[in-house]
file input.cif (mmCIF, C-alpha atoms)
data_query
#
loop_
_atom_site.label_atom_id
_atom_site.label_comp_id
_atom_site.auth_asym_id
_atom_site.auth_seq_id
_atom_site.Cartn_x
_atom_site.Cartn_y
_atom_site.Cartn_z
CA MET K 1 0.00 0.00 0.00
CA THR K 2 2.82 2.38 0.98
CA SER K 3 4.66 1.65 -2.27
CA ILE K 4 1.55 2.43 -4.29
CA ALA K 5 1.10 5.71 -2.45
CA LEU K 6 4.74 6.66 -3.05
CA LEU K 7 4.41 5.81 -6.73
CA ALA K 8 1.30 7.98 -6.97
CA LEU K 9 3.10 10.88 -5.27
CA SER K 10 6.06 10.53 -7.63
CA ALA K 11 3.76 10.66 -10.63
CA VAL K 12 2.11 13.81 -9.31
CA ALA K 13 5.52 15.42 -8.81
CA VAL K 14 6.63 14.56 -12.33
CA LEU K 15 3.44 15.95 -13.84
CA GLN K 16 3.60 19.31 -12.04
CA PRO K 17 4.12 22.13 -14.55
CA VAL K 18 7.30 24.18 -14.50
CA GLY K 19 7.09 26.98 -11.96
CA HIS K 20 4.33 25.33 -9.95
CA GLU K 21 5.90 26.49 -6.70
CA GLY K 22 6.44 29.99 -8.08
CA PRO K 23 9.55 31.44 -9.61
CA ARG K 24 12.72 31.29 -7.55
CA PRO K 25 14.19 34.56 -6.21
CA LEU K 26 16.90 36.14 -8.34
CA ALA K 27 20.08 36.72 -6.36
CA PRO K 28 22.67 39.22 -7.68
CA ALA K 29 24.61 36.28 -9.17
CA ASP K 30 21.51 35.14 -11.07
CA VAL K 31 20.97 38.66 -12.37
CA ALA K 32 24.59 38.84 -13.52
CA ALA K 33 24.29 35.47 -15.27
CA LEU K 34 21.15 36.57 -17.12
CA HIS K 35 22.86 39.79 -18.16
CA ARG K 36 25.79 37.81 -19.56
CA GLU K 37 23.36 35.58 -21.42
CA LEU K 38 21.09 38.23 -22.92
CA LEU K 39 23.18 41.38 -23.37
CA PRO K 40 25.33 41.60 -26.50
CA ALA K 41 29.02 41.07 -25.81
CA ARG K 42 30.06 43.76 -28.30
CA ASP K 43 28.61 46.45 -30.52
CA GLU K 44 26.03 44.88 -32.74
CA PRO K 45 26.80 45.48 -36.46
CA TRP K 46 23.43 47.16 -37.16
CA GLN K 47 24.18 49.72 -34.46
CA THR K 48 27.30 50.88 -36.35
CA ILE K 49 25.27 52.12 -39.34
CA GLY K 50 24.56 55.50 -37.78
CA TRP K 51 20.77 55.47 -38.00
CA ARG K 52 18.93 58.76 -37.72
CA VAL K 53 15.58 58.77 -35.96
CA ASP K 54 14.32 62.23 -37.01
CA LEU K 55 13.08 62.31 -40.60
CA LEU K 56 13.29 66.07 -41.21
CA ALA K 57 16.72 66.39 -39.60
CA ALA K 58 17.92 63.51 -41.79
CA ARG K 59 16.42 65.23 -44.83
CA ASP K 60 18.32 68.45 -44.01
CA GLU K 61 21.50 66.41 -43.68
CA ALA K 62 20.86 64.72 -47.03
CA ILE K 63 20.43 68.12 -48.71
CA ARG K 64 23.76 69.30 -47.32
CA ALA K 65 25.58 66.05 -48.14
CA LYS K 66 23.93 65.68 -51.57
CA ARG K 67 23.01 62.10 -50.75
CA PRO K 68 19.78 60.14 -51.04
CA LEU K 69 18.00 58.92 -47.93
CA PHE K 70 17.33 55.33 -47.02
CA LEU K 71 14.30 54.69 -44.81
CA TRP K 72 13.64 51.53 -42.82
CA ALA K 73 10.02 51.79 -41.67
CA MET K 74 8.26 49.21 -39.51
CA ASN K 75 5.15 49.02 -37.36
CA GLY K 76 7.06 49.03 -34.09
CA HIS K 77 10.35 50.88 -34.28
CA PRO K 78 13.02 48.95 -36.23
CA LEU K 79 15.67 49.94 -33.66
CA GLY K 80 13.55 48.78 -30.73
CA CYS K 81 10.12 47.37 -29.96
CA VAL K 82 10.92 43.75 -30.83
CA MET I 1 14.84 41.83 -34.96
CA LEU I 2 15.31 39.56 -37.97
CA ASP I 3 16.48 42.43 -40.17
CA ARG I 4 18.83 43.74 -37.49
CA GLU I 5 20.45 40.31 -37.24
CA SER I 6 20.59 39.61 -40.98
CA SER I 7 20.25 42.34 -43.62
CA PHE I 8 21.67 45.14 -41.49
CA ALA I 9 24.52 43.00 -40.18
CA ASP I 10 25.88 42.54 -43.71
CA GLN I 11 29.14 44.43 -44.16
CA ASP I 12 28.39 45.54 -47.75
CA VAL I 13 25.01 46.92 -46.67
CA ILE I 14 26.56 48.67 -43.67
CA GLU I 15 29.20 50.37 -45.85
CA LEU I 16 26.69 51.39 -48.51
CA LEU I 17 24.41 52.98 -45.93
CA GLN I 18 27.24 54.66 -44.03
CA ARG I 19 28.97 56.12 -47.10
CA ARG I 20 26.35 56.69 -49.76
CA PHE I 21 23.04 57.32 -47.96
CA VAL I 22 21.58 59.11 -44.97
CA PRO I 23 19.92 56.15 -43.17
CA VAL I 24 16.74 56.72 -41.17
CA ALA I 25 14.65 54.28 -39.10
CA LEU I 26 11.04 55.09 -38.13
CA ASP I 27 7.94 53.57 -36.55
CA VAL I 28 5.14 53.92 -39.12
CA TRP I 29 2.54 54.04 -36.31
CA TYR I 30 3.65 57.61 -35.61
CA GLU I 31 4.43 58.71 -39.17
CA GLU I 32 1.09 57.57 -40.60
CA ARG I 33 -0.79 59.61 -37.97
CA ARG I 34 1.12 62.79 -37.30
CA GLN I 35 -0.29 65.93 -38.92
CA ASP I 36 2.83 67.97 -39.46
CA ALA I 37 5.62 68.48 -41.98
CA ALA I 38 7.40 65.23 -41.06
CA GLY I 39 4.21 63.18 -41.40
CA GLU I 40 3.30 64.81 -44.72
CA PHE I 41 6.78 64.20 -46.10
CA PHE I 42 6.71 60.56 -44.97
CA ARG I 43 3.32 59.97 -46.58
CA LYS I 44 4.46 61.68 -49.79
CA VAL I 45 7.41 59.30 -50.07
CA VAL I 46 5.68 56.02 -49.23
CA ALA I 47 2.61 56.72 -51.40
CA GLN I 48 4.83 56.36 -54.47
CA ARG I 49 5.63 52.71 -53.76
CA ALA I 50 4.33 50.48 -56.54
CA GLY I 51 1.38 48.35 -55.50
CA LEU I 52 0.78 50.07 -52.16
CA GLN I 53 -3.00 50.20 -51.65
CA PRO I 54 -4.82 52.70 -49.39
CA GLY I 55 -5.09 51.29 -45.89
CA GLN I 56 -2.23 48.86 -46.45
CA THR I 57 0.74 48.98 -44.10
CA THR I 58 3.49 51.34 -45.18
CA GLN I 59 6.13 49.13 -43.56
CA GLY I 60 9.06 48.61 -45.85
CA PHE I 61 12.28 49.97 -47.25
CA TYR I 62 12.53 53.22 -49.22
CA ALA I 63 15.34 55.01 -51.03
CA PHE I 64 14.45 58.56 -52.00
CA GLY I 65 15.74 62.08 -52.54
CA PRO I 66 15.34 64.98 -50.12
CA ASP I 67 12.72 66.40 -52.51
CA GLY I 68 10.59 63.33 -51.76
CA THR I 69 11.09 61.58 -55.09
CA LEU I 70 11.07 57.82 -54.53
CA LEU I 71 13.94 55.94 -56.13
CA GLU I 72 13.16 52.43 -54.85
CA GLY I 73 10.48 51.13 -52.50
CA TRP I 74 9.78 47.54 -51.42
CA ASN I 75 8.60 45.42 -48.52
CA HIS I 76 10.31 42.06 -48.79
CA ARG I 77 13.16 40.78 -46.66
CA GLY I 78 16.43 39.53 -48.02
CA VAL I 79 19.95 40.90 -47.98
CA ASP I 80 20.53 40.26 -51.70
CA ARG I 81 17.39 42.15 -52.63
CA LEU I 82 18.41 44.98 -50.30
CA LYS I 83 21.84 45.33 -51.93
CA GLU I 84 20.35 45.27 -55.43
CA ARG I 85 17.81 47.95 -54.57
CA LEU I 86 20.38 50.18 -52.87
CA LYS I 87 22.67 49.99 -55.89
CA ALA I 88 19.77 50.63 -58.27
CA ALA I 89 18.78 53.67 -56.23
CA LEU I 90 22.28 55.08 -56.42
CA GLU I 91 22.25 54.69 -60.21
CA GLU I 92 18.92 56.52 -60.44
CA TRP I 93 19.89 59.24 -57.96
CA LYS I 94 20.45 62.81 -59.17
CA PRO I 95 20.76 65.58 -56.58
CA SER I 96 18.00 68.16 -56.85
CA VAL I 97 17.01 71.33 -55.09
CA ALA I 98 14.88 70.93 -51.98
CA ALA I 99 13.84 73.62 -49.53
CA ALA I 100 13.77 73.16 -45.77
CA LEU I 101 10.47 71.89 -44.34
CA THR I 102 9.29 73.72 -41.26
CA GLY I 103 6.23 74.05 -39.07
CA ALA I 104 4.98 73.07 -35.66
CA VAL I 105 5.42 69.47 -34.56
CA ASP I 106 2.19 67.54 -33.93
CA GLY I 107 2.44 67.34 -30.14
CA ARG I 108 0.16 64.30 -29.93
CA PHE I 109 2.99 62.22 -31.36
CA ASP I 110 5.97 64.00 -29.85
CA ARG I 111 7.94 61.50 -27.79
CA THR I 112 10.79 63.66 -26.54
CA LEU I 113 12.46 62.09 -23.52
CA PRO I 114 11.12 63.86 -20.38
CA ALA I 115 13.70 66.14 -18.74
CA GLY I 116 15.77 64.28 -16.17
CA ALA I 117 14.50 60.86 -17.23
CA ALA I 118 16.77 57.82 -17.41
CA VAL I 119 16.75 55.45 -20.39
CA VAL I 120 17.19 51.73 -19.81
CA ASP I 121 17.82 49.08 -22.47
CA VAL I 122 15.45 46.14 -22.11
CA ARG I 123 16.16 42.78 -23.74
CA ALA I 124 14.02 39.65 -23.58
CA ARG I 125 14.61 36.06 -24.64
CA ILE I 126 12.88 32.73 -24.28
CA THR I 127 15.48 30.66 -22.47
CA GLU I 128 13.69 27.33 -21.98
CA ALA I 129 10.89 26.06 -24.18
CA LYS I 130 9.42 23.14 -26.04
CA TRP I 131 9.76 24.46 -29.57
CA PRO I 132 8.65 22.53 -32.62
CA LYS I 133 11.62 21.56 -34.80
CA ALA I 134 12.74 24.61 -36.78
CA GLU I 135 12.13 24.06 -40.49
CA ASP I 136 14.38 26.85 -41.76
CA ASP I 137 16.81 29.56 -40.70
CA PHE I 138 13.95 32.02 -40.27
CA GLN I 139 12.28 29.85 -37.63
CA ARG I 140 15.60 28.98 -36.02
CA THR I 141 16.45 32.67 -35.66
CA LEU I 142 13.04 33.47 -34.20
CA GLN I 143 13.36 30.72 -31.61
CA GLN I 144 16.66 32.16 -30.40
CA ALA I 145 15.70 35.83 -30.78
CA THR I 146 16.52 38.52 -28.25
CA SER I 147 14.27 41.57 -28.38
CA LEU I 148 15.18 45.16 -27.64
CA ASP I 149 13.01 47.89 -26.13
CA HIS I 150 13.59 50.81 -23.76
CA LEU I 151 12.26 51.73 -20.36
CA TRP I 152 11.86 55.34 -19.29
CA ILE I 153 12.30 56.23 -15.60
CA VAL I 154 11.14 59.79 -14.97
CA ARG I 155 13.00 62.25 -12.76
CA GLU I 156 10.66 61.86 -9.76
CA GLU I 157 11.08 58.08 -9.91
CA VAL I 158 14.86 58.39 -10.05
CA ALA I 159 14.64 60.53 -6.89
CA ALA I 160 12.42 57.93 -5.19
CA LEU I 161 14.89 55.16 -6.03
CA ALA I 162 17.68 57.30 -4.58
CA SER I 163 15.74 57.56 -1.33
CA GLY I 164 15.37 53.78 -1.14
CA THR I 165 11.82 53.36 -2.46
CA PHE I 166 10.87 51.47 -5.61
CA PRO I 167 8.03 53.63 -7.00
CA PRO I 168 4.82 51.62 -7.50
CA ALA I 169 4.19 53.42 -10.81
CA LEU I 170 7.58 52.27 -12.09
CA ALA I 171 6.92 48.71 -10.95
CA ARG I 172 3.59 48.70 -12.79
CA ARG I 173 5.19 50.19 -15.91
CA ILE I 174 7.76 47.42 -15.90
CA ALA I 175 5.02 44.82 -15.42
CA ARG I 176 2.50 46.09 -17.97
CA PHE I 177 4.79 47.31 -20.72
CA HIS I 178 8.03 45.37 -20.33
CA CYS I 179 7.11 41.93 -18.95
CA ILE I 180 6.08 40.94 -22.46
CA ASP I 181 7.16 38.33 -24.96
CA ASN I 182 8.26 40.59 -27.82
CA THR I 183 10.79 38.10 -29.18
CA ARG I 184 8.80 37.23 -32.32
CA GLY I 185 7.01 40.47 -33.11
CA GLU I 186 4.87 43.24 -31.70
CA PRO I 187 3.17 41.70 -28.64
CA PRO I 188 -0.01 42.52 -26.76
CA LEU I 189 0.70 44.63 -23.68
CA TRP I 190 -0.96 44.01 -20.32
CA GLU I 191 -4.13 45.88 -19.34
CA PRO I 192 -4.38 47.30 -15.79
CA THR I 193 -6.93 44.62 -14.88
CA GLU I 194 -4.50 41.89 -15.94
CA VAL I 195 -1.96 42.82 -13.24
CA GLN I 196 -2.70 40.34 -10.46
CA CYS I 197 0.43 41.03 -8.43
CA CYS I 198 3.25 43.53 -8.78
CA ASP I 199 5.37 44.02 -5.67
CA VAL I 200 8.93 45.30 -5.83
CA VAL I 201 11.01 46.37 -2.85
CA LEU I 202 14.49 47.75 -2.28
CA THR I 203 16.79 46.87 0.57
CA PRO I 204 20.26 48.27 1.23
CA ASP I 205 22.97 45.84 0.13
CA PRO I 206 24.70 44.71 3.33
CA GLN I 207 27.83 43.87 1.33
CA PHE I 208 28.22 47.43 0.07
CA ARG I 209 30.20 49.79 2.25
CA ARG I 210 29.28 53.43 2.37
CA SER I 211 32.15 55.85 2.42
CA SER I 212 31.93 59.57 2.81
CA ALA I 213 35.59 59.99 1.85
CA GLY I 214 35.70 57.53 -1.02
CA ALA I 215 38.95 56.17 0.38
CA SER I 216 37.75 52.58 0.49
CA GLY I 217 37.25 52.35 -3.24
CA THR I 218 33.60 53.29 -2.93
CA ALA I 219 32.67 56.64 -4.40
CA ALA I 220 31.66 59.33 -1.97
CA GLY I 221 27.90 59.24 -1.34
CA ALA I 222 27.50 56.02 -3.29
CA THR I 223 24.67 53.69 -2.36
CA ARG I 224 23.62 50.24 -3.50
CA GLN I 225 20.17 48.73 -3.15
CA LEU I 226 19.08 45.18 -3.90
CA VAL I 227 15.84 44.66 -5.77
CA ASP I 228 13.40 41.86 -5.08
CA GLY I 229 9.91 41.48 -6.41
CA THR I 230 7.23 39.33 -7.90
CA VAL I 231 4.91 39.92 -10.79
CA THR I 232 1.86 37.91 -11.84
CA LEU I 233 0.03 38.83 -15.01
CA ALA I 234 -2.85 37.04 -16.71
CA THR I 235 -5.61 37.69 -19.21
CA ALA I 236 -9.16 37.07 -18.01
CA ASP I 237 -9.36 33.80 -19.95
CA GLY I 238 -5.96 32.69 -18.64
CA LYS I 239 -4.68 31.97 -22.13
CA ARG I 240 -1.77 34.40 -21.78
CA ARG I 241 0.02 34.71 -18.46
CA TYR I 242 3.37 35.39 -16.88
CA SER I 243 4.46 34.64 -13.34
CA ALA I 244 7.95 35.92 -12.60
CA ARG I 245 10.45 37.05 -10.04
CA ILE I 246 12.35 40.33 -10.26
CA GLY I 247 15.85 40.80 -8.90
CA GLY I 248 18.61 43.29 -9.34
CA ILE I 249 21.03 45.92 -8.17
CA ILE I 250 20.56 49.69 -8.24
CA GLU I 251 23.42 52.05 -7.48
CA PHE I 252 23.60 55.79 -7.04
CA ALA I 253 26.60 58.06 -7.15
CA GLY I 254 25.19 60.93 -5.15
CA ALA I 255 21.89 61.79 -6.84
CA GLU I 256 22.93 60.23 -10.15
CA LEU I 257 21.53 56.85 -11.10
CA ALA I 258 24.72 54.96 -11.91
CA ARG I 259 23.46 51.39 -12.25
CA PHE I 260 20.09 49.84 -12.95
CA ASP I 261 20.75 46.15 -13.46
CA LEU I 262 17.48 44.26 -13.21
CA ALA I 263 16.38 40.86 -14.38
CA VAL I 264 12.97 39.23 -14.58
CA ARG I 265 12.58 35.49 -15.02
CA GLY I 266 9.49 33.34 -14.90
CA THR I 267 6.95 31.15 -16.58
CA PHE I 268 5.09 32.51 -19.59
CA GLU I 269 2.31 30.98 -21.62
CA GLY I 270 0.48 32.16 -24.73
CA GLY I 271 1.00 34.53 -27.65
CA GLY I 272 -0.71 37.34 -29.54
CA ASP I 273 -1.92 38.30 -33.01
CA TYR I 274 1.59 39.35 -34.07
CA THR I 275 3.49 36.93 -31.82
CA ARG I 276 1.98 33.72 -33.06
CA ASP I 277 3.43 30.26 -32.72
CA PRO I 278 4.76 30.51 -29.18
CA PRO I 279 6.40 27.40 -27.72
CA ALA I 280 4.06 24.64 -26.63
CA GLY I 281 2.72 25.07 -23.10
CA GLU I 282 4.69 26.96 -20.49
CA PHE I 283 8.10 28.40 -21.27
CA THR I 284 10.69 30.47 -19.45
CA LEU I 285 10.93 34.13 -20.45
CA ALA I 286 13.88 36.14 -19.16
CA ILE I 287 14.14 39.93 -19.40
CA VAL I 288 17.13 42.07 -18.48
CA PHE I 289 17.41 45.82 -17.88
CA ARG I 290 20.54 47.99 -17.98
CA LEU I 291 21.06 51.76 -18.27
CA ALA I 292 21.61 52.81 -21.89
CA GLN I 293 25.21 53.83 -22.40
CA ARG I 294 25.67 57.50 -23.20
CA ALA I 295 28.51 58.98 -25.19
CA LYS I 296 31.07 61.17 -23.41
CA ASP I 297 29.09 64.27 -24.38
CA GLY I 298 26.00 62.76 -22.75
CA THR I 299 24.14 61.94 -25.95
CA LEU I 300 22.30 58.68 -26.33
CA PRO I 301 23.01 56.33 -29.25
CA PRO I 302 20.25 56.32 -31.93
CA ALA I 303 18.63 53.11 -30.71
CA ALA I 304 18.32 54.46 -27.17
CA GLN I 305 16.62 57.61 -28.53
CA VAL I 306 13.73 55.43 -29.69
CA PRO I 307 10.81 55.78 -27.27
CA PRO I 308 9.51 52.70 -25.47
CA GLN I 309 6.97 50.73 -27.50
CA GLY I 310 4.44 51.35 -24.72
CA ALA I 311 4.96 55.11 -25.04
CA ARG I 312 2.61 55.10 -28.01
CA TRP I 313 0.06 55.47 -25.18
CA LEU I 314 2.25 57.98 -23.37
CA ASP I 315 -0.12 59.03 -20.57
CA ASP I 316 -0.84 55.41 -19.70
CA TYR I 317 2.83 54.50 -19.96
CA LEU I 318 3.83 57.26 -17.55
CA GLY I 319 0.96 56.44 -15.18
CA ARG I 320 -0.98 59.67 -15.81
CA VAL I 321 -4.08 57.67 -16.76
CA SER I 322 -4.94 54.01 -16.28
CA GLY I 323 -5.58 52.06 -19.45
CA ARG I 324 -5.10 52.70 -23.15
CA GLU I 325 -7.69 54.60 -25.14
#
call {"tool": "encode", "arguments": {"input": "input.cif", "output": "C-alpha cells"}}
result
Amino acid sequence: MTSIALLALSAVAVLQPVGHEGPRPLAPADVAALHRELLPARDEPWQTIGWRVDLLAARDEAIRAKRPLFLWAMNGHPLGCV
Amino acid sequence: MLDRESSFADQDVIELLQRRFVPVALDVWYEERRQDAAGEFFRKVVAQRAGLQPGQTTQGFYAFGPDGTLLEGWNHRGVDRLKERLKAALEEWKPSVAAALTGAVDGRFDRTLPAGAAVVDVRARITEAKWPKAEDDFQRTLQQATSLDHLWIVREEVAALASGTFPPALARRIARFHCIDNTRGEPPLWEPTEVQCCDVVLTPDPQFRRSSAGASGTAAGATRQLVDGTVTLATADGKRRYSARIGGIIEFAGAELARFDLAVRGTFEGGGDYTRDPPAGEFTLAIVFRLAQRAKDGTLPPAAQVPPQGARWLDDYLGRVSGRE
C-alpha cells in the first residue's frame, strides 16, 4: 500500500508544470548570469550604421551632403520594440 | 529583430548605408498619424511605392531624394534584394534642389524624452521552451531571438529610487509594458486589470560599504540597493500569463543613477496576433534591464533615442491615466 502511495506521489511530482511552486528569487549572481546571457558582448553590427531617428533632420542632412535617404520603416520601431 | 540580425549586419550593406546614404529608421505608427511636416513628407514618399494600396501597411524599405522623389520602395526581406535595390537607387539618384520643411510638430505624437528621465535598455529572450523543430533559418532565428526595447524612468522616480523606495508606478510600468514576450514580433501589452500582483522592494545591500571619503574604493555618497519582487500577469481567460520574479542591483553616485541592473525570469504561456506560434505550453521568459550607455558628451546612441513601444500610449505609460484609449 505504501509503495503504491509513493508511486502515486512521484507521478504527481513529475506531472507538475514548470514553476508550480512559483519562480525562484533572483540573487545578484543570477541577475549577472542573465545579463551575460542576454546582453550583447560587443557592438552589434546594425548599431554601427549610424541610424537617424528624425526624418526632417535627416532630410536636411541629405540636402547638405547631396546624398539620397534610405528609410527603414516598420510598425514598431526597427531599432527597438521587438 | 530579424532584419537587425541579418540584412543590417551585412558588411556591404553597412558600408553602402554609411557612405552613400543618410539612413533613417522610423515607426510607421507615428508617421502615418502625425499631422505635421514630417508626417506629410513621410506619406508623400511612401505613397509612391508600386502596388501600395490605401489602408495597407506602409512598412518597408525606401530610397528617395530629399525632394521626396522615390527611387526604390519595397517590402520584402532579403539581404541580396536589399543590396540590389540600394545599388539601383544610387544609379537613379540625381541631386536636386529641396527647400527646408518647417512648421509646428504635432504634439500628440511628440515622444521627446522627459527632462531628467533615465533610459534603460530592455532585452528579452525565451530561455527554456518546447519548440517545434525549426524548419528553416527564419524559424531557427526566431526561436533564439533577443528583443530590444527601452524603459523610461522619470525624474521623480529616479529621486524615489535614490531615497530607497521602488516607485509603484515604475513597478507597474515594468510589469505592464516590459514583462512581455516581444521576441517574435509586436506583442499585446498588459491591461491594468491583468496585473494580479506587482510588488517590488528595495533593501540596502549589506555587502556594500558606504564611504563619505571615497577612500575605500567606494565613491563618496555612493549607495547600492538590492531589488526583489514578484509579478503575476494574466488575461481574463488565462490563455496568456506570466508569473515571474524580479531581482537586481541599483546604485547611485550621489543623486545620479549609476546602475540599474534588473532581471525578470518566470513562466510565460500564450501569444498574440503578431506573436503567433509561441512554444508549446509553459516556457521560461527572461528579461534584463541595464542603463543605456551614453557617449562622453552625454548623448544617447540612436537606438536608445527610440521611445519605449508602450509610449505610443504615453499618458498610460507614464501612469498619468490608467488604461489605453
call {"tool": "interface_residues", "arguments": {"input": "input.cif", "of": "chain K", "to": "chain I", "cutoff": "8 Å", "atoms": "all atoms listed in the file", "output": "VMD selection string"}}
result
chain K and resid 17 to 19 22 to 28 31 34 to 35 38 to 39 44 to 56 58 to 63 66 to 82
call {"tool": "residues_around", "arguments": {"input": "input.cif", "residues": "I:Ala258", "least_positions_apart": "4", "cutoff": "12 Å", "atoms": "all atoms listed in the file", "output": "ChimeraX atom specification"}}
result
/I:118-120,158,161-162,219,221-225,249-254,290-294
call {"tool": "atom_distance", "arguments": {"input": "input.cif", "atom1": "atom CA of I:Glu32", "atom2": "atom CA of I:Ala104"}}
result
16.7 Å
call {"tool": "closest_residue", "arguments": {"input": "input.cif", "among": "I:Asp12, I:Glu256, I:Glu91, I:Glu40", "to": "I:Ala159", "atoms": "only C-alpha atoms"}}
result
I:Glu256
call {"tool": "axis_aligned_box", "arguments": {"input": "input.cif", "around": "stretch 15-24 of chain I", "padding_each_side": "6 Å", "output": "JSON"}}
result
{"center_x": 23.0, "center_y": 54.7, "center_z": -45.5, "size_x": 24.5, "size_y": 20.7, "size_z": 20.6}
call {"tool": "atom_distance", "arguments": {"input": "input.cif", "atom1": "atom CA of I:Leu300", "atom2": "atom CA of I:Ala255"}}
result
19.7 Å
